[in-house]
file final_34.txt (compact mmCIF, C-alpha atoms)
# COMPACT_ATOMS: atom_id res chain seq x y z
CA MET A 1 4.23 -8.42 -1.48
CA GLY A 2 7.47 -8.91 0.43
CA LEU A 3 10.30 -6.51 0.97
CA PHE A 4 13.03 -8.84 2.18
CA ARG A 5 13.69 -10.59 -1.08
CA LYS A 6 16.35 -11.08 -3.72
CA PRO A 7 15.63 -10.04 -7.32
CA SER A 8 15.79 -12.98 -9.72
CA PHE A 9 17.69 -11.01 -12.36
CA LEU A 10 20.64 -10.34 -10.03
CA LEU A 11 23.63 -12.68 -9.96
CA SER A 12 23.19 -15.60 -7.57
CA ASN A 13 26.01 -14.45 -5.32
CA THR A 14 24.60 -10.95 -4.95
CA VAL A 15 23.33 -10.26 -1.45
CA PHE A 16 20.21 -8.12 -1.15
CA PHE A 17 19.12 -6.48 2.08
CA ILE A 18 16.42 -4.17 3.30
CA THR A 19 17.58 -1.96 6.13
CA VAL A 20 14.79 -0.92 8.47
CA TYR A 21 15.11 2.18 10.61
CA GLY A 22 12.55 2.85 13.30
CA PHE A 23 11.35 6.06 14.86
CA LEU A 24 9.44 6.20 18.13
CA VAL A 25 6.04 7.79 17.68
CA THR A 26 3.21 8.45 20.05
CA VAL A 27 -0.35 7.32 19.64
CA ILE A 28 -3.05 8.66 18.80
CA SER A 29 -3.83 12.15 17.58
CA ALA A 30 -5.49 12.87 14.25
CA ALA A 31 -2.83 15.53 13.74
CA ASP A 32 -0.10 12.85 13.87
CA TYR A 33 -1.20 10.70 10.92
CA THR A 34 1.82 11.75 8.82
CA THR A 35 4.41 11.06 11.55
CA LEU A 36 7.19 8.77 10.29
CA VAL A 37 7.19 5.38 12.02
CA PHE A 38 9.86 3.49 10.07
CA LYS A 39 11.47 3.12 6.67
CA GLY A 40 12.68 -0.01 4.90
CA CYS A 41 15.15 0.60 2.07
CA ALA A 42 16.84 -1.93 -0.19
CA ASP A 43 20.61 -1.68 -0.33
CA GLN A 44 20.46 -2.37 -4.08
CA LYS A 45 20.09 0.72 -6.29
CA PHE A 46 18.43 0.68 -9.70
CA GLN A 47 20.75 -0.22 -12.57
CA ASP A 48 18.91 2.11 -14.88
CA PRO A 49 20.96 3.60 -17.76
CA SER A 50 17.84 3.96 -19.92
CA GLY A 51 15.75 5.52 -17.16
CA ILE A 52 12.97 2.92 -17.54
CA TYR A 53 12.84 2.03 -13.83
CA ALA A 54 12.69 5.68 -12.79
CA GLN A 55 9.83 6.31 -15.20
CA ASN A 56 7.94 3.19 -14.12
CA LEU A 57 8.37 4.16 -10.46
CA LYS A 58 7.07 7.66 -11.15
CA ASN A 59 4.06 6.28 -13.03
CA LEU A 60 3.38 3.84 -10.20
CA SER A 61 3.61 6.53 -7.53
CA ASP A 62 1.31 8.83 -9.49
CA SER A 63 -1.27 6.05 -9.84
CA LEU A 64 -1.19 5.17 -6.15
CA VAL A 65 -1.46 8.78 -5.01
CA SER A 66 -4.37 9.37 -7.39
CA GLN A 67 -6.32 6.37 -6.10
CA SER A 68 -5.79 7.34 -2.46
CA SER A 69 -8.45 10.03 -2.72
CA GLN A 70 -11.04 7.29 -3.34
CA LYS A 71 -10.10 4.21 -1.29
CA ILE A 72 -7.87 3.23 1.62
CA TYR A 73 -6.10 0.34 -0.15
CA PHE A 74 -4.91 -0.07 -3.71
CA THR A 75 -2.33 -2.10 -5.64
CA ALA A 76 -0.85 -1.32 -9.05
CA THR A 77 1.89 -2.37 -11.45
CA SER A 78 3.84 -0.17 -13.82
CA GLY A 79 5.92 -1.55 -16.69
CA ASP A 80 6.33 -5.02 -18.18
CA GLY A 81 8.51 -8.07 -17.63
CA GLN A 82 11.58 -7.63 -15.46
CA ASN A 83 11.17 -3.85 -15.73
CA ALA A 84 7.82 -4.00 -13.94
CA ILE A 85 7.44 -2.44 -10.52
CA MET A 86 4.60 -3.51 -8.22
CA GLY A 87 3.38 -1.31 -5.41
CA LEU A 88 0.57 -0.61 -3.00
CA TYR A 89 -0.56 1.78 -0.33
CA GLN A 90 -2.86 1.34 2.62
CA CYS A 91 -4.35 3.87 5.02
CA ARG A 92 -5.66 3.33 8.51
CA GLY A 93 -9.23 2.11 8.36
CA ASP A 94 -10.56 5.11 10.28
CA LEU A 95 -9.06 7.80 8.03
CA SER A 96 -11.32 9.77 5.71
CA ASN A 97 -10.55 9.74 1.99
CA ASP A 98 -9.16 13.27 2.25
CA LEU A 99 -6.80 12.38 5.10
CA CYS A 100 -5.80 9.14 3.36
CA HIS A 101 -4.91 11.10 0.22
CA ALA A 102 -2.98 13.69 2.23
CA CYS A 103 -1.04 10.92 3.96
CA VAL A 104 -0.21 8.89 0.84
CA THR A 105 0.77 12.04 -1.06
CA LYS A 106 3.67 12.56 1.37
CA VAL A 107 5.19 9.10 0.98
CA PRO A 108 6.80 9.11 -2.51
CA GLY A 109 8.83 12.18 -1.65
CA LEU A 110 9.88 10.63 1.65
CA ILE A 111 10.94 7.42 -0.09
CA ASP A 112 13.09 9.40 -2.51
CA LYS A 113 14.61 11.43 0.35
CA LEU A 114 15.12 8.56 2.79
CA CYS A 115 15.95 5.69 0.42
CA GLY A 116 16.93 7.12 -2.96
CA LYS A 117 16.45 5.13 -6.17
CA VAL A 118 16.35 1.63 -4.69
CA VAL A 119 14.74 -1.53 -6.07
CA ALA A 120 12.37 -1.94 -3.11
CA ALA A 121 11.19 0.29 -0.31
CA ARG A 122 8.51 0.75 2.31
CA VAL A 123 7.78 3.91 4.27
CA GLN A 124 5.32 3.66 7.14
CA LEU A 125 3.62 6.74 8.54
CA SER A 126 1.20 6.69 11.45
CA GLY A 127 -1.77 6.88 9.10
CA CYS A 128 -0.61 5.04 5.98
CA TYR A 129 2.18 3.21 4.26
CA LEU A 130 3.36 2.76 0.70
CA LYS A 131 5.68 0.11 -0.62
CA TYR A 132 7.01 -1.06 -3.97
CA GLU A 133 9.44 -3.59 -5.41
CA VAL A 134 10.76 -4.64 -8.79
CA ALA A 135 9.45 -7.81 -10.42
CA GLY A 136 10.99 -11.19 -9.64
CA PHE A 137 11.37 -11.12 -5.89
CA LYS A 138 10.79 -14.23 -3.80
CA GLN A 139 7.89 -13.85 -1.37
CA VAL A 140 8.54 -13.84 2.35
CA SER A 141 6.27 -14.77 5.24
CA GLU A 142 3.20 -12.67 5.95
CA THR A 143 4.37 -12.58 9.57
CA GLU A 144 7.95 -11.41 8.94
CA LEU A 145 8.81 -8.91 11.70
CA LEU A 146 9.60 -5.50 10.20
CA TYR A 147 9.65 -3.18 13.18
CA LYS A 148 8.71 -2.94 16.84
CA VAL A 149 8.87 -0.32 19.57
CA CYS A 150 8.03 -0.81 23.24
CA GLY A 151 7.22 2.03 25.60
CA SER A 152 9.71 2.74 28.35
CA THR A 153 7.05 2.95 31.09
CA LYS A 154 6.36 -0.34 32.85
CA ALA A 155 3.07 -1.39 34.39
CA SER A 156 2.67 -1.34 38.17
CA GLY A 157 0.21 -3.54 39.98
CA THR A 158 -1.37 -6.80 38.87
CA GLU A 159 -4.22 -5.62 36.62
CA PHE A 160 -2.34 -4.66 33.47
CA GLU A 161 -1.62 -8.07 31.96
CA GLY A 162 -5.20 -9.30 32.21
CA ARG A 163 -6.61 -6.06 30.81
CA ARG A 164 -4.11 -6.01 27.95
CA ASP A 165 -4.79 -9.63 27.02
CA ALA A 166 -8.55 -9.08 27.07
CA ALA A 167 -8.14 -6.07 24.78
CA PHE A 168 -5.93 -8.09 22.43
CA GLU A 169 -8.53 -10.86 22.28
CA THR A 170 -11.22 -8.33 21.39
CA MET A 171 -8.98 -6.88 18.68
CA VAL A 172 -8.28 -10.27 17.07
CA ASP A 173 -12.01 -11.03 17.03
CA GLY A 174 -12.62 -7.56 15.65
CA VAL A 175 -10.39 -7.90 12.58
CA ARG A 176 -11.89 -11.33 11.88
CA ASN A 177 -15.53 -10.36 12.28
CA GLY A 178 -15.76 -6.58 12.40
CA SER A 179 -17.85 -4.35 10.19
CA LYS A 180 -14.75 -2.34 9.14
CA GLY A 181 -13.12 -5.22 7.30
CA LEU A 182 -9.52 -5.90 8.24
CA PHE A 183 -9.30 -3.04 10.74
CA TYR A 184 -10.22 -2.71 14.39
CA THR A 185 -9.73 -0.02 16.98
CA GLY A 186 -11.27 0.24 20.40
CA GLU A 187 -10.88 0.30 24.15
CA ASN A 188 -11.23 -2.45 26.72
CA GLN A 189 -10.69 -1.74 30.42
CA SER A 190 -8.48 1.33 29.80
CA VAL A 191 -6.40 -0.40 27.11
CA PHE A 192 -6.62 1.19 23.67
CA VAL A 193 -5.80 -1.21 20.82
CA LEU A 194 -5.55 -0.92 17.06
CA GLY A 195 -5.01 -3.68 14.54
CA GLN A 196 -5.03 -3.77 10.75
CA CYS A 197 -4.09 -6.16 7.94
CA GLU A 198 -3.06 -5.57 4.36
CA GLY A 199 -6.11 -5.45 2.15
CA ASP A 200 -5.50 -8.67 0.19
CA LEU A 201 -5.78 -10.96 3.24
CA SER A 202 -8.91 -12.93 4.03
CA SER A 203 -10.56 -12.19 7.36
CA GLY A 204 -9.34 -15.54 8.71
CA ASP A 205 -5.75 -14.97 7.59
CA CYS A 206 -5.95 -11.45 9.01
CA GLY A 207 -7.01 -12.81 12.38
CA ASP A 208 -4.14 -15.30 12.31
CA CYS A 209 -1.64 -12.57 11.39
CA VAL A 210 -2.82 -10.21 14.13
CA ASN A 211 -2.81 -13.06 16.64
CA THR A 212 0.82 -13.76 15.70
CA ALA A 213 1.55 -10.06 16.23
CA VAL A 214 -0.14 -10.24 19.63
CA GLN A 215 2.03 -13.15 20.76
CA SER A 216 5.13 -11.40 19.46
CA VAL A 217 4.42 -8.04 21.12
CA LYS A 218 3.66 -9.75 24.44
CA SER A 219 7.02 -11.47 24.24
CA GLU A 220 8.93 -8.44 22.96
CA CYS A 221 7.37 -5.72 25.12
CA GLY A 222 6.49 -7.62 28.29
CA ASP A 223 4.99 -5.28 30.88
CA SER A 224 5.51 -2.08 28.86
CA ILE A 225 2.24 -0.18 28.94
CA SER A 226 2.48 0.70 25.24
CA GLY A 227 3.89 -0.78 22.09
CA GLN A 228 3.70 -1.10 18.34
CA LEU A 229 4.63 -4.09 16.21
CA TYR A 230 4.63 -4.33 12.42
CA LEU A 231 4.67 -7.62 10.56
CA ASN A 232 4.85 -7.87 6.77
CA LYS A 233 1.06 -8.11 6.37
CA CYS A 234 -0.39 -6.69 9.59
CA TYR A 235 0.36 -4.50 12.56
CA LEU A 236 -0.95 -3.54 15.96
CA SER A 237 -0.49 -0.91 18.62
CA TYR A 238 -1.67 -0.69 22.21
CA SER A 239 -1.59 1.80 25.06
CA TYR A 240 -2.73 1.34 28.66
CA TYR A 241 -4.17 4.37 30.45
CA PRO A 242 -4.79 3.59 34.15
CA ASN A 243 -6.69 6.87 34.54
CA GLY A 244 -8.84 6.45 31.45
CA VAL A 245 -8.19 6.48 27.70
CA PRO A 246 -7.84 10.01 26.30
CA SER A 247 -10.33 11.02 23.64
CA ILE A 248 -9.57 13.11 20.56
CA SER A 249 -11.18 16.44 19.95
CA SER A 250 -12.83 16.27 16.54
CA THR A 251 -12.13 19.95 15.90
CA SER A 252 -8.54 20.28 17.07
CA GLY A 253 -7.27 16.72 16.68
CA LYS A 254 -5.66 17.06 20.12
CA LEU A 255 -5.94 14.66 23.02
CA LYS A 256 -8.11 15.47 25.98
CA LYS A 257 -8.57 13.41 29.12
CA THR A 258 -11.95 11.81 29.66
CA LYS A 259 -13.15 8.71 31.45
CA HIS A 260 -14.46 5.91 29.24
CA GLN A 261 -16.60 2.92 30.01
CA SER A 262 -15.10 -0.50 29.32
CA LEU A 263 -16.30 -2.29 26.22
call {"tool": "encode", "arguments": {"input": "final_34.txt", "output": "structure tokens"}}
result
Amino acid sequence: MGLFRKPSFLLSNTVFFITVYGFLVTVISAADYTTLVFKGCADQKFQDPSGIYAQNLKNLSDSLVSQSSQKIYFTATSGDGQNAIMGLYQCRGDLSNDLCHACVTKVPGLIDKLCGKVVAARVQLSGCYLKYEVAGFKQVSETELLYKVCGSTKASGTEFEGRRDAAFETMVDGVRNGSKGLFYTGENQSVFVLGQCEGDLSSGDCGDCVNTAVQSVKSECGDSISGQLYLNKCYLSYSYYPNGVPSISSTSGKLKKTKHQSL
């Protein structure tokens, strides 16, 4: 499902855009899973005198929110023909069903507040995202760049690049071969990495997508010790902690400093 597309039922000279706005967020506290990362809103509003699109969008949102208490990824369609609206949500692979549901539940209201009644939208929170679009859009590349943010702190010394690249390599292998499907999170030599693909990708295509994200974030962020990069079908984040990766208290969800062994 692509967001940067032109609806087939619009006139050929109509220009359709998604405007993406990014918000810097920090990684990685359980309490932050509903932090807004970015929004993507179509410029085109619904032409909806009968209210059919609004009803289909409500039905779609209700279906997605309902399913989020049972699984971390789900797709659905509401309506028929050119009135149909397709949508999906996905939660981080390490969220419980309860946290996934709590995260997804917040998104429809945010879409309405941040985007209004538009023909396509995506809102990305730290722990989940939800997106929808009307029928008839032309697909875009799985590796279309949607959003990136690079930390302002730069690495000092010569160890960072090698450690970061080793962690990226482990992450790419992890999404291809890991036991958690298309999701990987872990630490390698004080670099925390997270990667995930949209649930309809094969493991091989997921690995290719995340590898593309790796090459892009290395180019875009350089020697920044943290960064996030979102492509259409996958995303990654990384943070380098020279003094050891913080752990998360399971009771408070707050970060605490501890020393970790390298993977």
call {"tool": "axis_aligned_box", "arguments": {"input": "final_34.txt", "around": "region 223-229 of chain A", "padding_each_side": "5 Å", "output": "JSON"}}
result
{"center_x": 3.9, "center_y": -2.3, "center_z": 23.5, "size_x": 13.3, "size_y": 16.0, "size_z": 24.7}
call {"tool": "closest_residue", "arguments": {"input": "final_34.txt", "among": "A:Lys218, A:Arg176, A:Leu60, A:Leu114", "to": "Gly162 (chain A)", "atoms": "only C-alpha atoms"}}
result
A:Lys218
call {"tool": "closest_residue", "arguments": {"input": "final_34.txt", "among": "A:Gln90, A:Ser156, A:Ser78, A:Gln67", "to": "Lys131 (chain A)", "atoms": "only C-alpha atoms"}}
result
A:Gln90
call {"tool": "atom_distance", "arguments": {"input": "final_34.txt", "atom1": "CA of Tyr33 (chain A)", "atom2": "CA of Leu95 (chain A)"}}
result
8.9 Å
call {"tool": "closest_residue", "arguments": {"input": "final_34.txt", "among": "A:Gln189, A:Thr75, A:Ser226, A:Thr34", "to": "Leu125 (chain A)", "atoms": "only C-alpha atoms"}}
result
A:Thr34
call {"tool": "residues_around", "arguments": {"input": "final_34.txt", "residues": "Ile52 (chain A)", "least_positions_apart": "2", "cutoff": "12 Å", "atoms": "all atoms listed in the file", "output": "PyMOL selection string"}}
result
chain A and resi 46-50+54-59+78-85+134
call {"tool": "decode", "arguments": {"input": "final_34.txt", "residues": "region 28-80 of chain A", "atoms": "C-alpha atoms", "output": "mmCIF file, in the first residue's frame"}}
result
data_model
loop_
_atom_site.group_PDB
_atom_site.id
_atom_site.type_symbol
_atom_site.label_atom_id
_atom_site.label_comp_id
_atom_site.auth_asym_id
_atom_site.auth_seq_id
_atom_site.Cartn_x
_atom_site.Cartn_y
_atom_site.Cartn_z
ATOM 1 C CA ILE A 28 13.326 3.684 23.764
ATOM 2 C CA SER A 29 11.021 3.706 26.755
ATOM 3 C CA ALA A 30 7.926 1.552 27.016
ATOM 4 C CA ALA A 31 6.111 4.660 28.209
ATOM 5 C CA ASP A 32 6.844 6.388 24.877
ATOM 6 C CA TYR A 33 5.080 3.977 22.520
ATOM 7 C CA THR A 34 2.355 6.522 21.696
ATOM 8 C CA THR A 35 4.764 9.395 20.935
ATOM 9 C CA LEU A 36 4.074 10.934 17.516
ATOM 10 C CA VAL A 37 6.918 10.355 15.046
ATOM 11 C CA PHE A 38 5.451 11.735 11.809
ATOM 12 C CA LYS A 39 2.248 12.223 9.872
ATOM 13 C CA GLY A 40 1.614 11.932 6.150
ATOM 14 C CA CYS A 41 -1.548 13.661 4.916
ATOM 15 C CA ALA A 42 -2.930 13.867 1.389
ATOM 16 C CA ASP A 43 -3.660 17.362 0.161
ATOM 17 C CA GLN A 44 -6.829 16.062 -1.502
ATOM 18 C CA LYS A 45 -9.958 16.083 0.691
ATOM 19 C CA PHE A 46 -12.849 13.663 0.257
ATOM 20 C CA GLN A 47 -15.469 14.792 -2.257
ATOM 21 C CA ASP A 48 -18.202 13.211 -0.209
ATOM 22 C CA PRO A 49 -21.676 14.799 -0.518
ATOM 23 C CA SER A 50 -23.374 11.493 0.319
ATOM 24 C CA GLY A 51 -21.126 10.756 3.288
ATOM 25 C CA ILE A 52 -20.142 7.323 1.928
ATOM 26 C CA TYR A 53 -16.382 7.880 2.300
ATOM 27 C CA ALA A 54 -16.756 9.118 5.867
ATOM 28 C CA GLN A 55 -18.814 6.061 6.771
ATOM 29 C CA ASN A 56 -16.410 3.663 5.059
ATOM 30 C CA LEU A 57 -13.464 5.289 6.839
ATOM 31 C CA LYS A 58 -15.211 4.974 10.198
ATOM 32 C CA ASN A 59 -16.023 1.314 9.540
ATOM 33 C CA LEU A 60 -12.423 0.676 8.494
ATOM 34 C CA SER A 61 -10.997 2.389 11.570
ATOM 35 C CA ASP A 62 -13.338 0.466 13.865
ATOM 36 C CA SER A 63 -12.277 -2.831 12.279
ATOM 37 C CA LEU A 64 -8.572 -2.072 12.575
ATOM 38 C CA VAL A 65 -8.825 -0.941 16.189
ATOM 39 C CA SER A 66 -10.828 -4.041 17.077
ATOM 40 C CA GLN A 67 -8.273 -6.413 15.552
ATOM 41 C CA SER A 68 -5.361 -4.691 17.285
ATOM 42 C CA SER A 69 -6.224 -6.390 20.574
ATOM 43 C CA GLN A 70 -5.440 -9.749 18.943
ATOM 44 C CA LYS A 71 -2.544 -9.292 16.499
ATOM 45 C CA ILE A 72 0.193 -6.798 15.666
ATOM 46 C CA TYR A 73 -0.607 -6.499 11.940
ATOM 47 C CA PHE A 74 -3.894 -6.442 10.077
ATOM 48 C CA THR A 75 -5.269 -5.188 6.761
ATOM 49 C CA ALA A 76 -8.891 -4.466 5.881
ATOM 50 C CA THR A 77 -11.081 -2.884 3.214
ATOM 51 C CA SER A 78 -14.340 -1.035 3.722
ATOM 52 C CA GLY A 79 -16.749 -0.291 0.874
ATOM 53 C CA ASP A 80 -16.898 -1.344 -2.768
#
